[in-house]
Structures are given as C-alpha cells and as structure tokens.
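Trainee: Pasting a structure below so you can have a look.
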Amino acid sequence: MYYQPEIETITRSELEKLQVKRLKETINIAIQTPFYSKILKERNLSADSICSIEDVRKLPFTTKEDLRNNYPFGLVATDMKNVVRLHSSSGTTGNPTVICHSQKDLDNWANRVARCLYMVGVRDTDVFQNTSGYGMFTGGLGFQYGAERLGALTVPAAAGNSLRQIKFITDFGTTTAHAIPSYATRLAEVMTEIGIDPKKDTKLKTLVIGAEPHTDEQRKRIEELLGVKAYNSFGMSEMSGPGVAFECIYQNGLHLWEDCFILEIVDPETLEPVEDGEIGELVLTTLDRDAMPLIRYRTRDLTRIIPGPCPCGRTHRRIDRIKGRSDDMFIVKGVNIFPMQIEKILMQFKELGTNYLITIDTVGNNDEVLVEVELSDLFTDDYSKLQQLTKSITHKLKDEILLTPKVKLVDKGSLPLSEGKAIRVKDLRNNK
C-alpha cells in the first residue's frame, strides 16, 4: 500500500522534527544566493532562528516577481557546474521563471512522483502513457522519470495527435495515463467518433489528471466517459513540477508531501495564517532541493487544509482541490467570480459537453458575462428544449455567482480547442 511506509506513515511529531532539520539545511543553502542573503541578513535571520516549525513564519515570502527579477540564475544556490537541467515557464510577458535542478534534485523529484503513482495502484506491471508536453513543461519529464522509477513500461507519447494516442492505448495495452482534464475529455470524444469504447476496447483503469483547475463534477464526467478512476495531481514548476500533492485511492483530498515541503495556507490580503478548513493562498517552502531552494513561495493557488486523518493511514496533511488562482478571479459588478464556479454548474447538465468559454465585455456602461458552452452529441436540436435548457443553466448560474450571465448553447466542436491548458476566460474589458 505504501511506497515508503516509514515516511508516508511517520508520526506528526517525528515529521515536524524532520521538517525543522531540513528547513535549517535549506536556509543554509539558500543564504548562498545574493537574494536570500540580503533579505535574511536585513531581518537578522539565519538557520539558528528556527527552533520549531512555526518559526517558518519569521522568514520572508518569495514571489514569482522575485524569480523574474533575478532571471535567469540569480536564485541558484550552487555552482552552475552542479546544475544538470532547467525548466521555465512560457514567459509570454516579461522574463519567464526559471528553476534549476541538480542531479540530486531530479532524483528526489522522481522519487516523489513514484510515491504518488504507487499510492493510486500503479506498479511495475503497468503501461503508463504520458500525454503531456515534454521540454520546458514539467508534466512530461516529471511523470516520465517517476513512472520509470516505479519500473512501469512508459509510453512518452507527448501532447496532441489524438488518433496516435488512441492507437498507442489500444496497441500497447496502456493501463494508466496522464492527461490534463480538458484533453482527457477530448480523447474520450475522439474514441467515440472512431467507434472505440474505452470501457471495452482498452485496458485503461487509472488516469492522472492535473495542470489546470477542474471541478469534481468534471472529474466524475471523465471517469464515466473513459471507465477509469481519475486521481487529482498537484504540482508547479517552481516546486519542481508534478509530485507536490496527490490523491490516494479514497479521492478525498491531496496528500501534500510534508517531508519535502512546508505547507502554509494564508489570507492572500493579510498574509496571516488561516484556520484549517478555511480557503486561503497556498504557500510552500522546499525542503529537499539544493540547487535552487525556495522559501515561503506564494503560489497564488487557493485551497484549504482538510482537517482530520485520512482512512489510508498516511499522516501527511491533505489539501483540497485547487479552487482557482487568486489572479484568475475576475470581478463583475463588484462580484468576485472564479471560472470553476461556472464549470461546477455546467458539468451538472448531461446535455452539455465539456468545452466552454467565458467572455466578459462592456456593453454600454455595463459589464456583461457571456457563457458559451458546447452541447453533447446526444442532445436534441428541438428549439423549445434548447430554450428551456438555457433558462435552467442561467438560473443555476445566477444562484452560484450572484449575477445573471448570458448563456449561449453552441454545437459541439464550435469552440476552440487547445492541446495545452484550456483557455476558459476571455476578458475584453481591458482591450477597449
């Protein structure tokens, strides 16, 4: 049941002792960089300042802007000859964020991903197909090395080309796959189009999903379409990539590996800690990285700690699925709205497909929200039924987001598809 039982079921007191030891080591490494050296000395802080895990709050936050301002190697804490790989964000505006890894960092990362996969039943007898992009995107190589560490037969299919993906799944007997949620639904659609029943014609049993926010309703839809158990994965390139947190077989929250990260949830405005169970911003400190450790990194992801023990017996605390990013939230008429609130409602209607687009625009002097959503293959083109469906969706959305959006039902395949993360929101207000 456990890949590393001595770590996964460690007592909380022993885990905190390990965290304090590793935090001290992390500070001693990080202080080798000009960035951390300056801000720690300004606050008269050092490894000796840490006596308990609560002392992490004495340390300064690190932000994405800090990484960009020190681009490319200003936060590397070792000689560059010890760096064997880097990953970076797309950097569509300004400098990208760059994360550098030593060989030890890569080994630790592969071990974490292997631990995650083992937790949901992946073994050396499985065929693991990775539909993520390789290269700078960490989902490709991260899962590749983790699955190889387990000894699974790996299929590095990379992103896109759905017909080839399906051929690999059927020909190679793929049992486990990794895909972003929007692409998983796309694969299911293509299988239906070419006459393949994923439940009868494939050996798929396990799906790992992550990289883009999604609701539990969408996860259940994916499970129904493909006949699999779909497990949520959380990671980010600043924390190496996938393998930060993962669901166990009970699918009741993601165990965050606290031997490798210090977990904090803070109020994004006051930056003070919130109570367990309350939504806040996830803040992470790396504990097992020596090329480029990060202290109290503000992820901008919104989640909560799920109180209480998990039936699986693992003692590492669980976080809830990511509600969204604090910078993904949009405000219309004074109302704070997250795209996942809208998705949660749309996924409740069997008549709808999985692709949707939210457009915010100013009409006259008023901001308006347009929700375009594709119909499923099975629904009618009867106008009166479409009109009634539109009214039902609009009513439920109004109850959820507290304002009335315009809902437009469109034919399947009408909205743009992306091989990467799905684009769900288009805000045109700033373009006028």
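Letters for chains follow the order of the structure tokens (A, B, ...), residue numbers begin at 1 for each chain, and ligand numbers begin at 1 in the order shown.
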Could you pull the residues within 8 Å of range 314-323 of chain A, counting only C-alpha atoms, minus those fewer than 6 positions along the same chain, as a list in words?

Mentor: Glu8, Thr9, Ile10, Thr11, Arg12, Pro213, His214, Thr215, Asn232, Ala245, Asn252, Gly253, Leu254, His255, Leu256, Trp257, Glu258, Asp301, Leu302, Thr303, Arg304, Ile305, Ile306, Pro307, Phe338 and Met340 of chain A

Trainee: Could you pull the residues within 10 Å of Asp288 in chain A, counting only C-alpha atoms, minus those fewer than 2 positions along the same chain, as a list in words?

Mentor: Gln19, Arg22, Leu23, Glu25, Thr26, Lys104, Asp105, Asn108, Trp109, Asp259, Cys260, Phe261, Thr285, Thr286, Asp290, Ala291, Met292 and Pro293 of chain A

Trainee: Those same residues, written as a compact mmCIF listing (two decimals), in the first residue's frame with all heavy atoms?

Mentor:
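Heads up, here's the output in result12.txt:
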# COMPACT_ATOMS: atom_id res chain seq x y z
N GLN A 19 11.14 18.18 9.49
CA GLN A 19 10.96 19.44 8.78
C GLN A 19 11.87 20.54 9.33
O GLN A 19 12.46 21.30 8.56
CB GLN A 19 9.50 19.88 8.89
CG GLN A 19 8.54 19.10 8.02
CD GLN A 19 7.13 19.64 8.10
OE1 GLN A 19 6.59 19.86 9.20
NE2 GLN A 19 6.52 19.86 6.96
N ARG A 22 15.39 19.88 8.13
CA ARG A 22 15.56 20.18 6.71
C ARG A 22 15.40 21.67 6.42
O ARG A 22 16.03 22.18 5.48
CB ARG A 22 14.58 19.35 5.88
CG ARG A 22 14.93 17.87 5.86
CD ARG A 22 14.05 17.06 4.93
NE ARG A 22 14.54 15.70 4.78
CZ ARG A 22 13.97 14.77 4.01
NH1 ARG A 22 12.88 15.06 3.31
NH2 ARG A 22 14.49 13.56 3.93
N LEU A 23 14.56 22.35 7.19
CA LEU A 23 14.41 23.79 6.98
C LEU A 23 15.71 24.51 7.31
O LEU A 23 16.13 25.43 6.59
CB LEU A 23 13.26 24.33 7.83
CG LEU A 23 13.02 25.85 7.75
CD1 LEU A 23 12.77 26.29 6.31
CD2 LEU A 23 11.85 26.26 8.64
N GLU A 25 18.69 23.26 7.06
CA GLU A 25 19.60 22.96 5.95
C GLU A 25 19.26 23.81 4.73
O GLU A 25 20.16 24.30 4.03
CB GLU A 25 19.50 21.47 5.60
CG GLU A 25 20.03 20.55 6.69
CD GLU A 25 19.68 19.08 6.45
OE1 GLU A 25 18.90 18.81 5.50
OE2 GLU A 25 20.18 18.21 7.20
N THR A 26 17.97 23.97 4.47
CA THR A 26 17.52 24.77 3.32
C THR A 26 17.96 26.22 3.45
O THR A 26 18.42 26.84 2.48
CB THR A 26 15.98 24.68 3.19
OG1 THR A 26 15.62 23.34 2.87
CG2 THR A 26 15.47 25.62 2.11
N LYS A 104 20.75 15.45 -7.74
CA LYS A 104 20.07 15.04 -6.51
C LYS A 104 18.63 15.56 -6.52
O LYS A 104 17.70 14.83 -6.12
CB LYS A 104 20.81 15.58 -5.30
CG LYS A 104 20.14 15.26 -3.97
CD LYS A 104 20.87 15.93 -2.81
CE LYS A 104 20.09 15.78 -1.52
NZ LYS A 104 20.72 16.53 -0.41
N ASP A 105 18.43 16.79 -6.98
CA ASP A 105 17.07 17.34 -7.06
C ASP A 105 16.19 16.50 -7.97
O ASP A 105 15.03 16.22 -7.66
CB ASP A 105 17.10 18.78 -7.58
CG ASP A 105 17.81 19.74 -6.64
OD1 ASP A 105 17.88 19.45 -5.43
OD2 ASP A 105 18.28 20.79 -7.12
N ASN A 108 15.27 13.21 -6.29
CA ASN A 108 14.23 13.43 -5.27
C ASN A 108 12.87 13.64 -5.92
O ASN A 108 11.84 13.15 -5.44
CB ASN A 108 14.58 14.63 -4.40
CG ASN A 108 15.74 14.37 -3.47
OD1 ASN A 108 16.07 13.22 -3.19
ND2 ASN A 108 16.37 15.43 -2.99
N TRP A 109 12.86 14.37 -7.00
CA TRP A 109 11.61 14.65 -7.73
C TRP A 109 11.02 13.35 -8.29
O TRP A 109 9.83 13.06 -8.11
CB TRP A 109 11.91 15.65 -8.84
CG TRP A 109 10.76 16.07 -9.69
CD1 TRP A 109 9.43 15.89 -9.45
CD2 TRP A 109 10.84 16.75 -10.95
NE1 TRP A 109 8.67 16.42 -10.47
CE2 TRP A 109 9.52 16.94 -11.40
CE3 TRP A 109 11.89 17.21 -11.74
CZ2 TRP A 109 9.23 17.58 -12.61
CZ3 TRP A 109 11.60 17.84 -12.93
CH2 TRP A 109 10.28 18.03 -13.36
N ASP A 259 7.44 15.93 4.03
CA ASP A 259 8.87 15.72 4.24
C ASP A 259 9.68 16.52 3.21
O ASP A 259 10.87 16.73 3.39
CB ASP A 259 9.24 14.24 4.16
CG ASP A 259 8.85 13.61 2.82
OD1 ASP A 259 7.74 13.89 2.32
OD2 ASP A 259 9.67 12.83 2.27
N CYS A 260 8.98 16.97 2.15
CA CYS A 260 9.65 17.71 1.06
C CYS A 260 9.23 19.18 1.01
O CYS A 260 9.91 19.99 0.38
CB CYS A 260 9.34 17.06 -0.28
SG CYS A 260 9.75 15.30 -0.34
N PHE A 261 8.12 19.52 1.64
CA PHE A 261 7.59 20.89 1.59
C PHE A 261 6.98 21.26 2.94
O PHE A 261 6.35 20.43 3.59
CB PHE A 261 6.50 21.03 0.52
CG PHE A 261 6.93 20.59 -0.85
CD1 PHE A 261 6.62 19.31 -1.31
CD2 PHE A 261 7.63 21.45 -1.68
CE1 PHE A 261 7.01 18.88 -2.56
CE2 PHE A 261 8.04 21.03 -2.94
CZ PHE A 261 7.72 19.75 -3.38
N THR A 285 7.40 25.92 1.07
CA THR A 285 8.86 26.03 1.23
C THR A 285 9.47 24.69 0.87
O THR A 285 9.04 23.64 1.38
CB THR A 285 9.22 26.38 2.69
OG1 THR A 285 8.66 27.64 3.03
CG2 THR A 285 10.73 26.44 2.87
N THR A 286 10.45 24.68 -0.03
CA THR A 286 11.09 23.42 -0.42
C THR A 286 12.02 22.94 0.70
O THR A 286 12.68 23.75 1.36
CB THR A 286 11.89 23.57 -1.72
OG1 THR A 286 12.95 24.51 -1.51
CG2 THR A 286 11.01 24.06 -2.86
N ASP A 290 18.62 21.38 -3.47
CA ASP A 290 19.87 22.05 -3.12
C ASP A 290 20.38 22.98 -4.22
O ASP A 290 21.24 23.81 -3.95
CB ASP A 290 20.96 21.06 -2.70
CG ASP A 290 21.28 20.02 -3.76
OD1 ASP A 290 20.87 20.19 -4.92
OD2 ASP A 290 21.95 19.04 -3.41
N ALA A 291 19.87 22.89 -5.45
CA ALA A 291 20.32 23.82 -6.49
C ALA A 291 19.60 25.15 -6.37
O ALA A 291 20.21 26.21 -6.53
CB ALA A 291 20.10 23.24 -7.87
N MET A 292 18.31 25.12 -6.08
CA MET A 292 17.53 26.36 -6.06
C MET A 292 16.36 26.24 -5.09
O MET A 292 15.20 26.13 -5.48
CB MET A 292 17.02 26.67 -7.48
CG MET A 292 16.47 28.06 -7.63
SD MET A 292 16.10 28.38 -9.39
CE MET A 292 15.04 29.83 -9.21
N PRO A 293 16.65 26.24 -3.79
CA PRO A 293 15.57 26.17 -2.80
C PRO A 293 14.75 27.46 -2.81
O PRO A 293 15.26 28.53 -3.13
CB PRO A 293 16.32 26.00 -1.48
CG PRO A 293 17.67 26.61 -1.72
CD PRO A 293 17.98 26.35 -3.16

Trainee: Please run DSSP on the backbone and report, as a list in words, all residues within range 149-200 of chain A that come out as strand (DSSP E).

Mentor: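 Matching residues for strand (DSSP E) in range 149-200 of chain A are Leu153, Thr154, Val155, Thr176, Ala177, His178 and Ala179 of chain A.
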
Trainee: List the spatial neighbours of range 388-404 of chain A as number ranges by chain - criterion: any atom at most 9 Å away, only C-alpha atoms, same-chain residues fewer than 6 positions off excluded.

Mentor: A: 332-333, 335-338, 341-342, 345-346, 349, 351, 368-369

Trainee: If you keep N, CA, C and O atoms, can you produce a file of those selected residues as an mmCIF file, in the first residue's frame?

Mentor:
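Full text of result.cif as output:
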data_model
loop_
_atom_site.group_PDB
_atom_site.id
_atom_site.type_symbol
_atom_site.label_atom_id
_atom_site.label_comp_id
_atom_site.auth_asym_id
_atom_site.auth_seq_id
_atom_site.Cartn_x
_atom_site.Cartn_y
_atom_site.Cartn_z
ATOM 1 N N VAL A 332 -16.987 41.269 -11.590
ATOM 2 C CA VAL A 332 -18.022 41.856 -12.433
ATOM 3 C C VAL A 332 -19.085 42.450 -11.524
ATOM 4 O O VAL A 332 -19.644 41.747 -10.675
ATOM 5 N N LYS A 333 -19.317 43.758 -11.674
ATOM 6 C CA LYS A 333 -20.309 44.460 -10.856
ATOM 7 C C LYS A 333 -20.082 44.241 -9.368
ATOM 8 O O LYS A 333 -21.016 44.067 -8.583
ATOM 9 N N VAL A 335 -18.787 41.684 -7.925
ATOM 10 C CA VAL A 335 -18.878 40.284 -7.505
ATOM 11 C C VAL A 335 -17.600 39.541 -7.899
ATOM 12 O O VAL A 335 -17.162 39.612 -9.051
ATOM 13 N N ASN A 336 -17.004 38.837 -6.954
ATOM 14 C CA ASN A 336 -15.814 38.030 -7.223
ATOM 15 C C ASN A 336 -16.235 36.677 -7.789
ATOM 16 O O ASN A 336 -17.018 35.950 -7.158
ATOM 17 N N ILE A 337 -15.707 36.325 -8.959
ATOM 18 C CA ILE A 337 -16.109 35.090 -9.632
ATOM 19 C C ILE A 337 -14.874 34.301 -10.034
ATOM 20 O O ILE A 337 -13.910 34.868 -10.572
ATOM 21 N N PHE A 338 -14.914 32.983 -9.792
ATOM 22 C CA PHE A 338 -13.865 32.081 -10.253
ATOM 23 C C PHE A 338 -14.436 31.214 -11.369
ATOM 24 O O PHE A 338 -15.578 30.753 -11.289
ATOM 25 N N GLN A 341 -16.385 28.059 -10.479
ATOM 26 C CA GLN A 341 -17.770 28.148 -10.017
ATOM 27 C C GLN A 341 -18.729 27.905 -11.177
ATOM 28 O O GLN A 341 -19.760 27.239 -11.030
ATOM 29 N N ILE A 342 -18.382 28.454 -12.333
ATOM 30 C CA ILE A 342 -19.230 28.289 -13.524
ATOM 31 C C ILE A 342 -19.133 26.858 -14.036
ATOM 32 O O ILE A 342 -20.140 26.236 -14.380
ATOM 33 N N ILE A 345 -21.332 24.260 -12.256
ATOM 34 C CA ILE A 345 -22.743 24.240 -12.659
ATOM 35 C C ILE A 345 -22.898 23.568 -14.023
ATOM 36 O O ILE A 345 -23.765 22.709 -14.216
ATOM 37 N N LEU A 346 -22.057 23.926 -14.975
ATOM 38 C CA LEU A 346 -22.187 23.382 -16.334
ATOM 39 C C LEU A 346 -22.061 21.862 -16.342
ATOM 40 O O LEU A 346 -22.772 21.172 -17.080
ATOM 41 N N PHE A 349 -25.094 19.325 -16.016
ATOM 42 C CA PHE A 349 -26.059 19.101 -17.090
ATOM 43 C C PHE A 349 -25.514 18.068 -18.080
ATOM 44 O O PHE A 349 -24.534 18.322 -18.782
ATOM 45 N N GLU A 351 -26.753 17.242 -20.758
ATOM 46 C CA GLU A 351 -26.984 17.668 -22.137
ATOM 47 C C GLU A 351 -25.794 18.452 -22.710
ATOM 48 O O GLU A 351 -25.738 18.701 -23.910
ATOM 49 N N GLU A 368 -20.834 42.678 -18.839
ATOM 50 C CA GLU A 368 -21.681 41.509 -19.021
ATOM 51 C C GLU A 368 -20.823 40.253 -19.138
ATOM 52 O O GLU A 368 -19.700 40.299 -19.638
ATOM 53 N N VAL A 369 -21.391 39.140 -18.679
ATOM 54 C CA VAL A 369 -20.712 37.848 -18.743
ATOM 55 C C VAL A 369 -21.461 36.961 -19.732
ATOM 56 O O VAL A 369 -22.665 36.731 -19.588
#

Trainee: Would you please work out which residue, of A:Arg123, A:His87, A:Lys64, A:Lys412, is nearest to Gly241 in chain A when using only C-alpha atoms?

Mentor: A:His87

Trainee: Got a sec: who's within 12 Å of Met236 in chain A, counting only C-alpha atoms, leaving out chain neighbours fewer than 4 positions off, as a list in words?

Mentor: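 In the requested format, the answer is Lys64, His87, Ser88, Ser89, Thr97, Val98, Ile99, Trp109, Phe137, Thr138, Gly139, Gly142, Gly210, Ala211, Glu212, Ser240, Gly241, Pro242, Gly243, Val244, Ala245, Leu282, Leu284, Tyr297, Arg298, Thr299, Arg300 and Asp301 of chain A.
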
Trainee: Report the residues of range 170-229 of chain A whose backbone DSSP state falls under alpha helix (DSSP H), written as a PyMOL selection string.

Mentor: chain A and resi 170-172+181-193+198-201+216-226

Trainee: List the neighbours of Asp201 in chain A out to 12 Å using only C-alpha atoms; skip same-chain residues closer than 2 positions along the sequence, and give me the result as number ranges by chain.

Mentor: A: 166-167, 169-171, 173-175, 191-192, 194-199, 203-205, 226-227

Trainee: Skipping near chain neighbours, those fewer than 3 positions away, what residues fall within 12 Å of range 130-135 of chain A using only C-alpha atoms, listed as an NGL selection string?

Mentor: :A and (85-90 or 127 or 138-148 or 152-162 or 164-166 or 168-169 or 174-184 or 186-187 or 207-211 or 242 or 419-421)

Trainee: Write out as a PDB file with all heavy atoms, in the first residue's frame each polymer residue whose atoms come within 7 Å of range 45-56 of chain A, counting only C-alpha atoms; drop sequence neighbours fewer than 4 positions from it.

Mentor:
ATOM      1  N   GLU A  16       7.569  16.719  12.094  1.00  0.00           N
ATOM      2  CA  GLU A  16       7.942  18.114  12.370  1.00  0.00           C
ATOM      3  C   GLU A  16       9.417  18.235  12.736  1.00  0.00           C
ATOM      4  O   GLU A  16      10.068  19.221  12.373  1.00  0.00           O
ATOM      5  CB  GLU A  16       7.040  18.674  13.471  1.00  0.00           C
ATOM      6  CG  GLU A  16       5.605  18.891  12.987  1.00  0.00           C
ATOM      7  CD  GLU A  16       4.739  19.633  13.994  1.00  0.00           C
ATOM      8  OE1 GLU A  16       5.290  20.076  15.034  1.00  0.00           O
ATOM      9  OE2 GLU A  16       3.531  19.767  13.733  1.00  0.00           O
ATOM     10  N   GLN A  19      11.145  18.176   9.490  1.00  0.00           N
ATOM     11  CA  GLN A  19      10.956  19.443   8.777  1.00  0.00           C
ATOM     12  C   GLN A  19      11.870  20.540   9.328  1.00  0.00           C
ATOM     13  O   GLN A  19      12.461  21.304   8.561  1.00  0.00           O
ATOM     14  CB  GLN A  19       9.499  19.885   8.894  1.00  0.00           C
ATOM     15  CG  GLN A  19       8.542  19.097   8.022  1.00  0.00           C
ATOM     16  CD  GLN A  19       7.130  19.644   8.101  1.00  0.00           C
ATOM     17  OE1 GLN A  19       6.594  19.862   9.196  1.00  0.00           O
ATOM     18  NE2 GLN A  19       6.518  19.864   6.961  1.00  0.00           N
ATOM     19  N   VAL A  20      11.975  20.624  10.652  1.00  0.00           N
ATOM     20  CA  VAL A  20      12.849  21.640  11.260  1.00  0.00           C
ATOM     21  C   VAL A  20      14.291  21.413  10.824  1.00  0.00           C
ATOM     22  O   VAL A  20      15.007  22.365  10.459  1.00  0.00           O
ATOM     23  CB  VAL A  20      12.717  21.619  12.801  1.00  0.00           C
ATOM     24  CG1 VAL A  20      13.807  22.471  13.442  1.00  0.00           C
ATOM     25  CG2 VAL A  20      11.340  22.123  13.226  1.00  0.00           C
ATOM     26  N   LYS A  24      16.365  24.113   8.385  1.00  0.00           N
ATOM     27  CA  LYS A  24      17.663  24.706   8.730  1.00  0.00           C
ATOM     28  C   LYS A  24      18.668  24.484   7.599  1.00  0.00           C
ATOM     29  O   LYS A  24      19.408  25.401   7.211  1.00  0.00           O
ATOM     30  CB  LYS A  24      18.197  24.090  10.030  1.00  0.00           C
ATOM     31  CG  LYS A  24      17.482  24.546  11.305  1.00  0.00           C
ATOM     32  CD  LYS A  24      18.002  23.758  12.502  1.00  0.00           C
ATOM     33  CE  LYS A  24      17.487  24.301  13.811  1.00  0.00           C
ATOM     34  NZ  LYS A  24      18.158  25.548  14.212  1.00  0.00           N
ATOM     35  N   ILE A  27      17.833  26.777   4.653  1.00  0.00           N
ATOM     36  CA  ILE A  27      18.249  28.171   4.872  1.00  0.00           C
ATOM     37  C   ILE A  27      19.750  28.316   4.650  1.00  0.00           C
ATOM     38  O   ILE A  27      20.216  29.284   4.019  1.00  0.00           O
ATOM     39  CB  ILE A  27      17.850  28.633   6.288  1.00  0.00           C
ATOM     40  CG1 ILE A  27      16.324  28.732   6.398  1.00  0.00           C
ATOM     41  CG2 ILE A  27      18.490  29.984   6.612  1.00  0.00           C
ATOM     42  CD1 ILE A  27      15.824  28.963   7.805  1.00  0.00           C
ATOM     43  N   ASN A  28      20.520  27.362   5.129  1.00  0.00           N
ATOM     44  CA  ASN A  28      21.977  27.428   4.949  1.00  0.00           C
ATOM     45  C   ASN A  28      22.371  27.346   3.477  1.00  0.00           C
ATOM     46  O   ASN A  28      23.387  27.921   3.068  1.00  0.00           O
ATOM     47  CB  ASN A  28      22.658  26.308   5.739  1.00  0.00           C
ATOM     48  CG  ASN A  28      22.743  26.607   7.219  1.00  0.00           C
ATOM     49  OD1 ASN A  28      22.800  27.773   7.618  1.00  0.00           O
ATOM     50  ND2 ASN A  28      22.727  25.567   8.045  1.00  0.00           N
ATOM     51  N   LEU A  40      17.595  37.942   4.331  1.00  0.00           N
ATOM     52  CA  LEU A  40      17.712  37.283   5.636  1.00  0.00           C
ATOM     53  C   LEU A  40      18.581  38.094   6.590  1.00  0.00           C
ATOM     54  O   LEU A  40      18.263  38.224   7.783  1.00  0.00           O
ATOM     55  CB  LEU A  40      18.272  35.869   5.471  1.00  0.00           C
ATOM     56  CG  LEU A  40      17.337  34.859   4.784  1.00  0.00           C
ATOM     57  CD1 LEU A  40      18.062  33.544   4.522  1.00  0.00           C
ATOM     58  CD2 LEU A  40      16.082  34.606   5.622  1.00  0.00           C
ATOM     59  N   LYS A  41      19.662  38.670   6.063  1.00  0.00           N
ATOM     60  CA  LYS A  41      20.534  39.488   6.915  1.00  0.00           C
ATOM     61  C   LYS A  41      19.828  40.769   7.353  1.00  0.00           C
ATOM     62  O   LYS A  41      20.013  41.242   8.478  1.00  0.00           O
ATOM     63  CB  LYS A  41      21.838  39.803   6.179  1.00  0.00           C
ATOM     64  CG  LYS A  41      22.777  38.602   6.109  1.00  0.00           C
ATOM     65  CD  LYS A  41      24.047  38.897   5.324  1.00  0.00           C
ATOM     66  CE  LYS A  41      24.941  37.667   5.281  1.00  0.00           C
ATOM     67  NZ  LYS A  41      26.141  37.871   4.426  1.00  0.00           N
TER      68      LYS A  41
END

Trainee: Report, in Å with one decimal, the straight-line distance from CA of Met329 in chain A to CA of Ile265 in chain A.

Mentor: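 Separation between CA of Met329 in chain A and CA of Ile265 in chain A: 17.9 Å.
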
Trainee: Mind giving me the straight-line distance from CA of Lys17 in chain A to CA of Asp107 in chain A in Å, one decimal?

Mentor: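 Value for the CA of Lys17 in chain A-CA of Asp107 in chain A distance: 23.0 Å.
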
Trainee: Just how far from CA of Tyr2 in chain A is CA of Gly313 in chain A, in Å to one decimal?

Mentor: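 Going from CA of Gly313 in chain A over to CA of Tyr2 in chain A, I get 9.5 Å.
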
Trainee: Looking at only C-alpha atoms, which of A:Thr63, A:Pro405, A:Gly235, A:Lys81 is the one that sits closest to Ile360 in chain A?

Mentor: A:Pro405
